[in-house]
>>> print(open('model19.txt').read())   # compact mmCIF, C-alpha atoms
# COMPACT_ATOMS: atom_id res chain seq x y z
CA MET A 28 0.53 43.89 -14.93
CA LYS A 29 3.99 42.38 -14.66
CA SER A 30 4.01 38.60 -14.55
CA LYS A 31 6.88 38.71 -12.08
CA GLU A 32 4.79 40.58 -9.53
CA ILE A 33 1.98 38.07 -9.74
CA SER A 34 4.28 35.15 -9.27
CA LYS A 35 6.14 36.45 -6.21
CA VAL A 36 2.94 36.62 -4.19
CA VAL A 37 1.12 33.59 -5.49
CA LEU A 38 4.17 31.35 -5.64
CA LYS A 39 4.44 31.32 -1.89
CA ARG A 40 1.02 29.73 -1.56
CA LEU A 41 0.90 27.36 -4.54
CA PRO A 42 3.21 24.68 -3.12
CA SER A 43 0.87 24.32 -0.13
CA TYR A 44 -2.13 23.82 -2.37
CA LEU A 45 -0.23 21.25 -4.39
CA ALA A 46 0.98 19.34 -1.35
CA TYR A 47 -2.53 19.22 0.08
CA LEU A 48 -4.16 18.12 -3.18
CA LYS A 49 -1.56 15.38 -3.59
CA SER A 50 -2.04 14.21 -0.01
CA LEU A 51 -5.74 13.38 -0.45
CA PRO A 52 -6.53 9.66 -0.58
CA ASP A 53 -7.49 8.04 -3.89
CA ASP A 54 -11.07 7.54 -2.73
CA ALA A 55 -11.63 11.23 -1.94
CA SER A 56 -13.92 13.23 -4.21
CA PRO A 57 -12.35 13.83 -7.63
CA TYR A 58 -13.43 17.49 -7.32
CA MET A 59 -11.96 20.25 -5.18
CA SER A 60 -13.41 23.75 -4.82
CA ALA A 61 -11.57 26.91 -3.78
CA THR A 62 -13.79 26.93 -0.68
CA GLY A 63 -12.85 23.38 0.21
CA LEU A 64 -9.16 24.07 -0.25
CA ALA A 65 -9.35 27.33 1.73
CA ASN A 66 -11.11 25.61 4.64
CA ALA A 67 -8.69 22.68 4.67
CA LEU A 68 -5.65 24.94 4.79
CA GLY A 69 -7.09 27.65 7.04
CA MET A 70 -6.66 30.31 4.39
CA GLY A 71 -8.91 33.06 2.99
CA GLU A 72 -11.42 31.82 0.44
CA VAL A 73 -11.18 34.87 -1.85
CA GLN A 74 -7.41 34.57 -1.99
CA VAL A 75 -7.45 30.87 -2.79
CA ARG A 76 -10.11 31.41 -5.46
CA LYS A 77 -8.00 34.10 -7.15
CA ASP A 78 -4.84 32.03 -6.97
CA LEU A 79 -6.46 29.00 -8.54
CA ALA A 80 -8.08 31.06 -11.31
CA LEU A 81 -4.63 32.37 -12.16
CA VAL A 82 -3.06 28.97 -12.70
CA SER A 83 -5.99 26.91 -13.96
CA SER A 84 -8.93 27.57 -16.22
CA GLY A 85 -10.70 24.35 -15.25
CA GLY A 86 -12.84 25.68 -12.40
CA ARG A 87 -16.63 25.24 -12.70
CA PRO A 88 -19.20 27.12 -10.57
CA LYS A 89 -20.49 25.11 -7.56
CA ILE A 90 -18.39 22.08 -8.55
CA GLY A 91 -14.84 23.35 -8.47
CA TYR A 92 -11.85 21.86 -10.18
CA LEU A 93 -11.16 18.29 -11.22
CA ARG A 94 -8.47 17.53 -8.65
CA GLU A 95 -6.23 15.66 -11.08
CA ASN A 96 -6.26 18.57 -13.54
CA LEU A 97 -5.64 21.12 -10.82
CA ILE A 98 -2.59 19.18 -9.63
CA GLU A 99 -1.26 19.16 -13.17
CA ASP A 100 -1.95 22.87 -13.74
CA ILE A 101 -0.25 23.95 -10.52
CA SER A 102 2.75 21.67 -11.16
CA GLN A 103 3.11 23.09 -14.63
CA PHE A 104 2.75 26.67 -13.43
CA LEU A 105 5.46 26.09 -10.82
CA GLY A 106 7.75 24.55 -13.42
CA TYR A 107 7.94 21.20 -11.62
CA ASP A 108 7.25 19.45 -14.91
CA ASN A 109 10.36 20.91 -16.51
CA THR A 110 13.50 19.36 -15.15
CA THR A 111 16.08 22.03 -14.35
CA ASP A 112 19.71 20.95 -14.39
CA ALA A 113 21.87 22.58 -11.76
CA ILE A 114 25.35 22.40 -10.36
CA LEU A 115 26.35 22.93 -6.76
CA VAL A 116 29.42 24.81 -5.56
CA GLY A 117 30.83 24.05 -2.13
CA ALA A 118 30.77 20.39 -1.22
CA GLY A 119 31.05 20.83 2.54
CA LYS A 120 28.55 19.42 5.02
CA LEU A 121 25.54 21.34 3.69
CA GLY A 122 26.52 20.86 0.05
CA GLN A 123 26.92 17.13 0.54
CA ALA A 124 23.57 16.95 2.31
CA LEU A 125 21.80 18.68 -0.59
CA LEU A 126 23.70 16.56 -3.10
CA GLY A 127 22.48 13.39 -1.41
CA TYR A 128 18.88 14.56 -1.02
CA SER A 129 16.64 12.84 -3.55
CA GLY A 130 13.54 14.87 -2.68
CA PHE A 131 14.39 17.69 -5.11
CA ALA A 132 13.38 15.52 -8.07
CA ALA A 133 9.73 16.10 -7.14
CA TYR A 134 10.30 19.83 -7.75
CA GLY A 135 12.04 19.29 -11.08
CA LEU A 136 15.55 19.94 -9.78
CA ASN A 137 18.37 17.74 -11.03
CA ILE A 138 21.80 18.38 -9.52
CA LEU A 139 24.30 17.19 -12.12
CA ALA A 140 27.55 17.54 -10.19
CA ALA A 141 29.32 19.53 -7.49
CA PHE A 142 32.46 21.65 -7.46
CA ASP A 143 34.76 22.43 -4.57
CA ALA A 144 38.07 24.21 -4.02
CA ARG A 145 39.39 21.11 -2.25
CA PRO A 146 37.13 18.10 -2.87
CA THR A 147 37.43 15.65 0.01
CA THR A 148 35.52 12.92 -1.77
CA ALA A 149 35.09 12.01 -5.46
CA ALA A 150 31.31 11.57 -5.46
CA ILE A 151 28.15 11.59 -3.31
CA ASP A 152 25.28 9.30 -4.28
CA GLY A 153 26.75 8.88 -7.76
CA LYS A 154 27.20 12.63 -8.30
CA ASP A 155 30.77 13.68 -9.10
CA ILE A 156 32.55 16.33 -7.07
CA PHE A 157 35.07 18.14 -9.28
CA SER A 158 37.74 20.74 -8.51
CA MET A 159 36.95 24.35 -9.40
CA ASP A 160 39.04 24.42 -12.58
CA LYS A 161 36.49 22.08 -14.18
CA LEU A 162 33.59 24.51 -13.48
CA GLU A 163 33.51 26.62 -16.63
CA GLY A 164 33.98 23.76 -19.08
CA PHE A 165 31.22 21.77 -17.40
CA CYS A 166 28.72 24.66 -17.33
CA ARG A 167 29.39 25.54 -20.97
CA SER A 168 29.26 22.00 -22.35
CA ARG A 169 26.13 21.04 -20.38
CA LYS A 170 24.50 24.48 -20.86
CA VAL A 171 23.75 24.71 -17.13
CA LEU A 172 21.67 27.76 -16.13
CA MET A 173 21.20 27.18 -12.40
CA ALA A 174 23.69 26.91 -9.55
CA ILE A 175 23.43 26.25 -5.84
CA ILE A 176 25.90 28.09 -3.63
CA THR A 177 26.84 26.34 -0.39
CA VAL A 178 30.28 27.84 0.21
CA PRO A 179 31.13 29.82 3.37
CA ALA A 180 29.81 33.41 3.33
CA GLU A 181 33.22 34.98 2.70
CA TYR A 182 33.66 33.17 -0.62
CA ALA A 183 30.08 33.45 -1.86
CA GLN A 184 30.39 36.71 -3.87
CA GLU A 185 33.54 35.52 -5.64
CA ILE A 186 31.88 32.21 -6.54
CA CYS A 187 28.74 34.05 -7.63
CA ASP A 188 30.74 36.26 -10.04
CA LYS A 189 32.51 33.19 -11.42
CA LEU A 190 29.19 31.38 -11.96
CA ILE A 191 27.70 34.32 -13.85
CA ALA A 192 30.80 34.38 -16.07
CA CYS A 193 30.09 30.69 -16.79
CA GLY A 194 26.56 31.50 -18.04
CA ILE A 195 24.53 30.81 -14.88
CA LYS A 196 21.23 32.77 -14.76
CA GLY A 197 19.64 31.58 -11.51
CA ILE A 198 21.34 31.10 -8.14
CA TRP A 199 20.00 29.33 -5.08
CA ASN A 200 22.08 30.89 -2.34
CA PHE A 201 22.52 29.10 1.00
CA ALA A 202 25.39 31.36 2.13
CA PRO A 203 24.10 33.86 4.73
CA ILE A 204 25.22 36.90 2.75
CA HIS A 205 23.79 39.36 0.22
CA LEU A 206 25.00 38.69 -3.33
CA ASP A 207 25.48 41.50 -5.88
CA VAL A 208 24.27 40.42 -9.32
CA PRO A 209 23.28 42.04 -12.64
CA ALA A 210 19.56 42.64 -13.28
CA ASN A 211 19.05 39.54 -15.46
CA ILE A 212 20.30 37.14 -12.78
CA LEU A 213 17.93 35.88 -10.09
CA VAL A 214 19.20 35.07 -6.62
CA GLN A 215 16.93 33.11 -4.33
CA ASN A 216 18.18 33.19 -0.76
CA GLU A 217 17.62 30.26 1.56
CA ASN A 218 18.37 31.96 4.78
CA MET A 219 18.37 29.27 7.44
CA ALA A 220 20.25 31.60 9.77
CA THR A 221 17.30 34.00 9.76
CA SER A 222 14.79 31.25 10.41
CA LEU A 223 16.78 30.03 13.37
CA ALA A 224 17.14 33.54 14.75
CA VAL A 225 13.37 34.12 14.55
CA LEU A 226 12.70 30.82 16.34
CA SER A 227 15.36 31.46 18.95
CA MET A 228 13.89 34.89 19.80
CA HIS A 229 10.41 33.42 20.11
CA LEU A 230 11.59 30.69 22.46
CA GLN A 231 13.52 33.14 24.63
CA ALA A 232 10.40 35.29 24.93
CA GLN A 233 8.36 32.21 25.90
CA ILE A 234 10.88 31.23 28.57
CA LYS A 235 10.88 34.77 30.00
CA GLU A 236 7.07 34.80 30.16
CA LYS A 237 7.09 31.59 32.19
CA LYS A 238 9.48 32.99 34.79
CA MET B 17 6.38 49.71 19.23
CA LYS B 18 6.15 45.94 19.38
CA SER B 19 9.50 44.19 19.63
CA LYS B 20 8.21 41.45 17.35
CA GLU B 21 7.67 43.92 14.50
CA ILE B 22 11.18 45.29 14.78
CA SER B 23 12.70 41.87 14.74
CA LYS B 24 10.85 40.55 11.69
CA VAL B 25 12.30 43.26 9.46
CA VAL B 26 15.75 43.60 10.95
CA LEU B 27 16.30 39.89 11.49
CA LYS B 28 16.41 39.29 7.76
CA ARG B 29 19.41 41.57 7.38
CA LEU B 30 21.39 40.88 10.56
CA PRO B 31 22.80 37.47 9.54
CA SER B 32 24.35 39.11 6.43
CA TYR B 33 26.05 41.76 8.55
CA LEU B 34 27.32 39.11 10.90
CA ALA B 35 28.64 36.87 8.13
CA TYR B 36 30.46 39.80 6.51
CA LEU B 37 31.98 41.04 9.77
CA LYS B 38 33.20 37.55 10.59
CA SER B 39 34.65 37.10 7.11
CA LEU B 40 37.05 40.05 7.42
CA PRO B 41 40.71 39.08 7.87
CA ASP B 42 42.40 39.51 11.25
CA ASP B 43 44.58 42.34 9.95
CA ALA B 44 41.58 44.43 8.77
CA SER B 45 40.75 47.59 10.73
CA PRO B 46 39.28 46.77 14.15
CA TYR B 47 36.56 49.36 13.42
CA MET B 48 33.57 49.11 11.13
CA SER B 49 31.15 51.95 10.35
CA ALA B 50 27.57 51.66 9.13
CA THR B 51 28.73 53.35 5.91
CA GLY B 52 31.51 50.81 5.40
CA LEU B 53 29.16 47.91 6.02
CA ALA B 54 26.47 49.35 3.73
CA ASN B 55 28.97 49.85 0.90
CA ALA B 56 30.47 46.39 1.28
CA LEU B 57 27.06 44.71 1.13
CA GLY B 58 25.46 47.01 -1.44
CA MET B 59 22.74 48.07 1.00
CA GLY B 60 21.27 51.44 1.97
CA GLU B 61 23.37 53.36 4.49
CA VAL B 62 20.44 54.73 6.49
CA GLN B 63 18.95 51.28 6.89
CA VAL B 64 22.22 49.70 8.02
CA ARG B 65 22.81 52.57 10.46
CA LYS B 66 19.36 52.07 12.02
CA ASP B 67 19.75 48.31 12.22
CA LEU B 68 23.11 48.53 13.96
CA ALA B 69 21.87 51.16 16.42
CA LEU B 70 19.07 48.78 17.34
CA VAL B 71 21.32 45.88 18.31
CA SER B 72 24.41 47.66 19.58
CA SER B 73 25.06 50.80 21.61
CA GLY B 74 28.79 50.79 20.85
CA GLY B 75 28.74 53.05 17.75
CA ARG B 76 30.85 56.23 17.88
CA PRO B 77 30.51 59.15 15.46
CA LYS B 78 33.05 59.11 12.59
CA ILE B 79 34.71 55.95 13.96
CA GLY B 80 31.96 53.38 13.92
CA TYR B 81 31.81 50.20 15.96
CA LEU B 82 34.59 48.09 17.36
CA ARG B 83 34.17 45.11 15.03
CA GLU B 84 34.65 42.51 17.74
CA ASN B 85 31.94 44.08 19.92
CA LEU B 86 29.56 44.44 17.01
CA ILE B 87 29.94 40.73 16.17
CA GLU B 88 29.16 39.88 19.79
CA ASP B 89 26.16 42.24 19.96
CA ILE B 90 24.61 40.91 16.75
CA SER B 91 25.20 37.28 17.77
CA GLN B 92 23.59 37.95 21.13
CA PHE B 93 20.63 39.76 19.57
CA LEU B 94 20.07 36.85 17.19
CA GLY B 95 20.23 34.37 20.04
CA TYR B 96 23.19 32.50 18.58
CA ASP B 97 24.88 32.64 21.98
CA ASN B 98 22.07 30.65 23.58
CA THR B 99 22.10 27.04 22.58
CA THR B 100 18.60 25.86 21.68
CA ASP B 101 17.91 22.15 22.02
CA ALA B 102 15.63 20.74 19.36
CA ILE B 103 14.28 17.43 18.17
CA LEU B 104 13.58 16.44 14.58
CA VAL B 105 10.57 14.46 13.38
CA GLY B 106 10.80 12.56 10.11
CA ALA B 107 14.15 10.87 9.55
CA GLY B 108 13.85 10.49 5.78
CA LYS B 109 16.41 11.85 3.31
CA LEU B 110 15.97 15.50 4.31
CA GLY B 111 15.73 14.75 8.01
CA GLN B 112 18.90 12.66 7.91
CA ALA B 113 20.69 15.40 5.98
CA LEU B 114 19.78 18.02 8.60
CA LEU B 115 20.66 15.60 11.41
CA GLY B 116 24.14 15.10 9.97
CA TYR B 117 24.76 18.80 9.27
CA SER B 118 27.16 20.22 11.82
CA GLY B 119 26.82 23.82 10.61
CA PHE B 120 23.79 24.55 12.80
CA ALA B 121 25.98 24.74 15.90
CA ALA B 122 27.19 28.17 14.72
CA TYR B 123 23.58 29.40 15.00
CA GLY B 124 23.07 27.92 18.45
CA LEU B 125 20.97 24.98 17.30
CA ASN B 126 21.57 21.60 18.91
CA ILE B 127 19.51 18.71 17.52
CA LEU B 128 19.28 16.18 20.36
CA ALA B 129 17.61 13.28 18.56
CA ALA B 130 15.20 12.35 15.79
CA PHE B 131 11.87 10.53 15.73
CA ASP B 132 10.31 8.58 12.92
CA ALA B 133 7.23 6.38 12.39
CA ARG B 134 9.48 3.63 11.02
CA PRO B 135 13.15 4.34 11.78
CA THR B 136 15.38 2.69 9.14
CA THR B 137 18.56 3.33 11.06
CA ALA B 138 19.36 3.64 14.79
CA ALA B 139 21.47 6.80 14.63
CA ILE B 140 23.03 9.43 12.32
CA ASP B 141 26.30 11.04 13.35
CA GLY B 142 25.78 9.85 16.91
CA LYS B 143 22.23 11.19 17.13
CA ASP B 144 19.62 8.58 18.02
CA ILE B 145 16.57 7.99 15.86
CA PHE B 146 13.68 6.80 18.00
CA SER B 147 10.21 5.54 17.16
CA MET B 148 7.30 7.95 17.65
CA ASP B 149 6.11 6.40 20.94
CA LYS B 150 9.25 7.77 22.62
CA LEU B 151 8.46 11.36 21.53
CA GLU B 152 6.44 12.67 24.45
CA GLY B 153 8.63 11.16 27.18
CA PHE B 154 11.76 12.57 25.54
CA CYS B 155 10.33 16.08 25.07
CA ARG B 156 9.03 16.23 28.63
CA SER B 157 12.14 14.87 30.35
CA ARG B 158 14.55 17.03 28.32
CA LYS B 159 12.20 20.07 28.37
CA VAL B 160 12.56 20.50 24.60
CA LEU B 161 10.85 23.63 23.21
CA MET B 162 11.79 23.44 19.53
CA ALA B 163 11.08 20.86 16.86
CA ILE B 164 12.01 20.46 13.21
CA ILE B 165 9.37 18.90 10.97
CA THR B 166 10.69 16.97 7.98
CA VAL B 167 7.82 14.55 7.42
CA PRO B 168 5.87 14.41 4.14
CA ALA B 169 3.29 17.20 3.78
CA GLU B 170 0.29 14.94 4.42
CA TYR B 171 1.51 14.03 7.94
CA ALA B 172 2.82 17.45 8.93
CA GLN B 173 -0.32 18.82 10.65
CA GLU B 174 -0.83 15.64 12.69
CA ILE B 175 2.82 15.71 13.80
CA CYS B 176 2.55 19.43 14.54
CA ASP B 177 -0.46 18.86 16.85
CA LYS B 178 1.37 16.04 18.59
CA LEU B 179 4.46 18.21 19.13
CA ILE B 180 2.42 21.03 20.65
CA ALA B 181 0.82 18.52 23.00
CA CYS B 182 4.37 17.54 24.04
CA GLY B 183 5.20 21.15 25.03
CA ILE B 184 6.92 22.35 21.83
CA LYS B 185 6.67 26.17 21.34
CA GLY B 186 8.65 26.74 18.14
CA ILE B 187 8.51 24.71 14.93
CA TRP B 188 10.89 24.84 11.99
CA ASN B 189 8.72 23.44 9.23
CA PHE B 190 10.29 21.95 6.10
CA ALA B 191 7.05 20.31 4.92
CA PRO B 192 5.57 22.33 2.03
CA ILE B 193 2.25 22.90 3.77
CA HIS B 194 0.57 25.49 5.97
CA LEU B 195 0.39 24.45 9.63
CA ASP B 196 -2.46 25.52 11.92
CA VAL B 197 -1.18 26.43 15.38
CA PRO B 198 -2.35 28.31 18.49
CA ALA B 199 -1.22 31.95 18.86
CA ASN B 200 1.62 31.22 21.28
CA ILE B 201 3.34 28.78 18.91
CA LEU B 202 5.70 30.08 16.24
CA VAL B 203 6.05 28.26 12.93
CA GLN B 204 8.98 29.21 10.72
CA ASN B 205 8.54 27.78 7.23
CA GLU B 206 11.56 26.76 5.18
CA ASN B 207 9.88 26.58 1.86
CA MET B 208 12.41 25.11 -0.54
CA ALA B 209 9.60 24.27 -2.95
CA THR B 210 8.81 27.98 -3.32
CA SER B 211 12.45 28.89 -3.86
CA LEU B 212 12.78 26.30 -6.58
CA ALA B 213 9.58 27.43 -8.26
CA VAL B 214 10.76 31.06 -8.33
CA LEU B 215 14.10 30.00 -9.84
CA SER B 216 12.47 27.68 -12.35
CA MET B 217 10.13 30.43 -13.58
CA HIS B 218 13.02 32.85 -13.97
CA LEU B 219 15.06 30.35 -15.97
CA GLN B 220 12.13 29.51 -18.23
CA ALA B 221 11.64 33.24 -18.92
CA GLN B 222 15.36 33.55 -19.73
CA ILE B 223 15.23 30.61 -22.12
CA LYS B 224 12.15 32.08 -23.87
CA GLU B 225 13.88 35.47 -24.26
CA LYS B 226 16.84 33.81 -25.94
CA LYS B 227 14.66 32.05 -28.50
>>> encode(input="model19.txt", output="structure tokens")
Amino acid sequence: MKSKEISKVVLKRLPSYLAYLKSLPDDASPYMSATGLANALGMGEVQVRKDLALVSSGGRPKIGYLRENLIEDISQFLGYDNTTDAILVGAGKLGQALLGYSGFAAYGLNILAAFDARPTTAAIDGKDIFSMDKLEGFCRSRKVLMAIITVPAEYAQEICDKLIACGIKGIWNFAPIHLDVPANILVQNENMATSLAVLSMHLQAQIKEKK
Amino acid sequence: MKSKEISKVVLKRLPSYLAYLKSLPDDASPYMSATGLANALGMGEVQVRKDLALVSSGGRPKIGYLRENLIEDISQFLGYDNTTDAILVGAGKLGQALLGYSGFAAYGLNILAAFDARPTTAAIDGKDIFSMDKLEGFCRSRKVLMAIITVPAEYAQEICDKLIACGIKGIWNFAPIHLDVPANILVQNENMATSLAVLSMHLQAQIKEKK
């Protein structure tokens, strides 16, 4: 069984479990069972039970998991405990928004700096924005493995190639375009354009139904 | 054949086609074939041919599509031509970032205003941030159908229920939690937490391999 195949499926559900477990008040029961979690989130019990067994060995029959331990096990499994340093390329509106967003820390993401072909500002929230000629030196000296691409679609492949040449192994791609990469590089697409298209089609169908 | 099933699969690929077609310089050929598009994006030719035939009837054998028409047909299919008004709930860091991001206009999304339990500022980029008691009146009077949820996970379901009671039909959910909704409501999850977990796991595997 390939570990990659397990993770792709389970990974989509784990953040929900984690968010729910963390949201419970301090005076809630210190235990949480797969059944309880499945009911709370409206998910299948068998699925939740399997997922939890995969990431934590602390489950006890009829009692469940110690909530605190389960939170730690899921966080660790998801890599939120390890801080990942990243750089961002493309300091336009979206890039600046991500650069200024402090919420990523909770997921172990630390954006060190940004790079842009024509920086319009020197820093956002204390994070430097450098010109592109500084990219390679920075990635090499800081041993950065992850990059966030927020350039326009037409420049994304070129930037992607450049990043790989600088030693980047994982890319979080916000440009609405397919990126060609070697097998050892992972691209995770954040396709907001698709999400909006799906929503737009649903709303149009709803409006038509009403008429 | 249900139209919803078609769209789910095709919709994921269409924004890439559109971005590539738009990125071509003005002096490029005015025609684009499915083969040309498939090669440029590293995708299967048969798949691209089917997708294009689904959204545009302008394809001609051996010549392809008039690029300009294809751009228009895809945009229309994706609903980017229709402007969708939306409101945003949760004006924290992420909410403010989305509120200030002008790039959504290209996808037909128009965020009218934001709502927050305790607004810390009156407006972002000219968009008002109101307290929650103004939510229902605003949604009803402006006939808003779409909402963006950027509240912490533990409040997301409560906000979701409230939004549906206000007439919202489509929800773009940035909270890392599963939302329970009636069948006629569409939730599109933007799960950044999952993306980061996938990337983090890949990088950890890469680091282990190196050792």
>>> residues_around(input="model19.txt", residues="Ile151 (chain A)", least_positions_apart="4", cutoff="7 Å", atoms="all atoms listed in the file", output="list in words")
Gln123, Leu126, Gly127 and Asp155 of chain A
>>> interface_residues(input="model19.txt", of="chain B", to="chain A", cutoff="8 Å", atoms="only C-alpha atoms", output="ChimeraX atom specification")
/B:23-24,27-28,31-33,35-36,39-40,57-58,94-96,100,109-110,113-114,116-119,123,125,161-162,169-170,185-188,192-196,202-206,208-219,222
>>> atom_distance(input="model19.txt", atom1="CA of Val160 (chain B)", atom2="CA of Glu88 (chain B)")
26.0 Å
>>> residues_near_point(input="model19.txt", point="(-16.1, 27.7, -1.6)", cutoff="10 Å", atoms="only C-alpha atoms", output="list of chain:residue names")
A:Met59, A:Ser60, A:Ala61, A:Thr62, A:Gly63, A:Leu64, A:Ala65, A:Asn66, A:Glu72, A:Val73, A:Val75, A:Arg76, A:Pro88, A:Lys89, A:Ile90, A:Gly91
>>> write_last_selection(input="model19.txt", atoms="C-alpha atoms", output="compact mmCIF listing (two decimals), in the coordinates of the input")
# COMPACT_ATOMS: atom_id res chain seq x y z
CA MET A 59 -11.96 20.25 -5.18
CA SER A 60 -13.41 23.75 -4.82
CA ALA A 61 -11.57 26.91 -3.78
CA THR A 62 -13.79 26.93 -0.68
CA GLY A 63 -12.85 23.38 0.21
CA LEU A 64 -9.16 24.07 -0.25
CA ALA A 65 -9.35 27.33 1.73
CA ASN A 66 -11.11 25.61 4.64
CA GLU A 72 -11.42 31.82 0.44
CA VAL A 73 -11.18 34.87 -1.85
CA VAL A 75 -7.45 30.87 -2.79
CA ARG A 76 -10.11 31.41 -5.46
CA PRO A 88 -19.20 27.12 -10.57
CA LYS A 89 -20.49 25.11 -7.56
CA ILE A 90 -18.39 22.08 -8.55
CA GLY A 91 -14.84 23.35 -8.47
>>> atom_distance(input="model19.txt", atom1="CA of Gly183 (chain B)", atom2="CA of Lys159 (chain B)")
7.8 Å
>>> atom_distance(input="model19.txt", atom1="CA of Asp42 (chain B)", atom2="CA of Ile90 (chain B)")
18.7 Å
>>> closest_residue(input="model19.txt", among="A:Thr147, A:Ile114, A:Asp188, A:Phe142", to="Arg169 (chain A)", atoms="only C-alpha atoms")
A:Ile114
>>> closest_residue(input="model19.txt", among="A:Ile98, A:Ala232, A:Ile191, A:Met159", to="Gly117 (chain A)", atoms="all atoms listed in the file")
A:Met159
>>> closest_residue(input="model19.txt", among="A:Ala210, A:Ile156, A:Val116, A:Phe165", to="Glu185 (chain A)", atoms="all atoms listed in the file")
A:Val116
>>> decode(input="model19.txt", residues="region 201-215 of chain B", atoms="N, CA and C atoms", output="short mmCIF file (atom, residue, chain, number, x, y, z; two decimals), in the first residue's frame")
data_model
loop_
_atom_site.label_atom_id
_atom_site.label_comp_id
_atom_site.auth_asym_id
_atom_site.auth_seq_id
_atom_site.Cartn_x
_atom_site.Cartn_y
_atom_site.Cartn_z
N ILE B 201 -28.77 23.81 -1.48
CA ILE B 201 -27.69 24.77 -1.19
C ILE B 201 -26.37 24.14 -1.62
N LEU B 202 -25.54 24.91 -2.30
CA LEU B 202 -24.23 24.39 -2.71
C LEU B 202 -23.13 24.99 -1.85
N VAL B 203 -22.32 24.11 -1.27
CA VAL B 203 -21.14 24.58 -0.52
C VAL B 203 -19.89 24.23 -1.32
N GLN B 204 -19.07 25.20 -1.60
CA GLN B 204 -17.80 24.96 -2.27
C GLN B 204 -16.70 25.22 -1.24
N ASN B 205 -15.96 24.17 -0.89
CA ASN B 205 -14.94 24.32 0.15
C ASN B 205 -13.60 24.73 -0.43
N GLU B 206 -12.99 25.72 0.17
CA GLU B 206 -11.65 26.15 -0.24
C GLU B 206 -10.74 25.71 0.90
N ASN B 207 -10.27 24.48 0.78
CA ASN B 207 -9.58 23.94 1.94
C ASN B 207 -8.07 24.12 1.90
N MET B 208 -7.64 25.31 2.30
CA MET B 208 -6.22 25.64 2.29
C MET B 208 -5.46 24.74 3.26
N ALA B 209 -6.12 24.36 4.35
CA ALA B 209 -5.49 23.50 5.35
C ALA B 209 -5.08 22.17 4.71
N THR B 210 -5.95 21.62 3.86
CA THR B 210 -5.64 20.36 3.18
C THR B 210 -4.46 20.54 2.24
N SER B 211 -4.49 21.60 1.46
CA SER B 211 -3.40 21.86 0.52
C SER B 211 -2.07 21.92 1.25
N LEU B 212 -2.06 22.63 2.35
CA LEU B 212 -0.81 22.79 3.10
C LEU B 212 -0.36 21.47 3.70
N ALA B 213 -1.31 20.65 4.13
CA ALA B 213 -0.95 19.34 4.69
C ALA B 213 -0.33 18.44 3.62
N VAL B 214 -0.92 18.45 2.43
CA VAL B 214 -0.39 17.64 1.33
C VAL B 214 1.04 18.07 1.00
N LEU B 215 1.25 19.37 0.91
CA LEU B 215 2.59 19.90 0.61
C LEU B 215 3.58 19.55 1.71
#
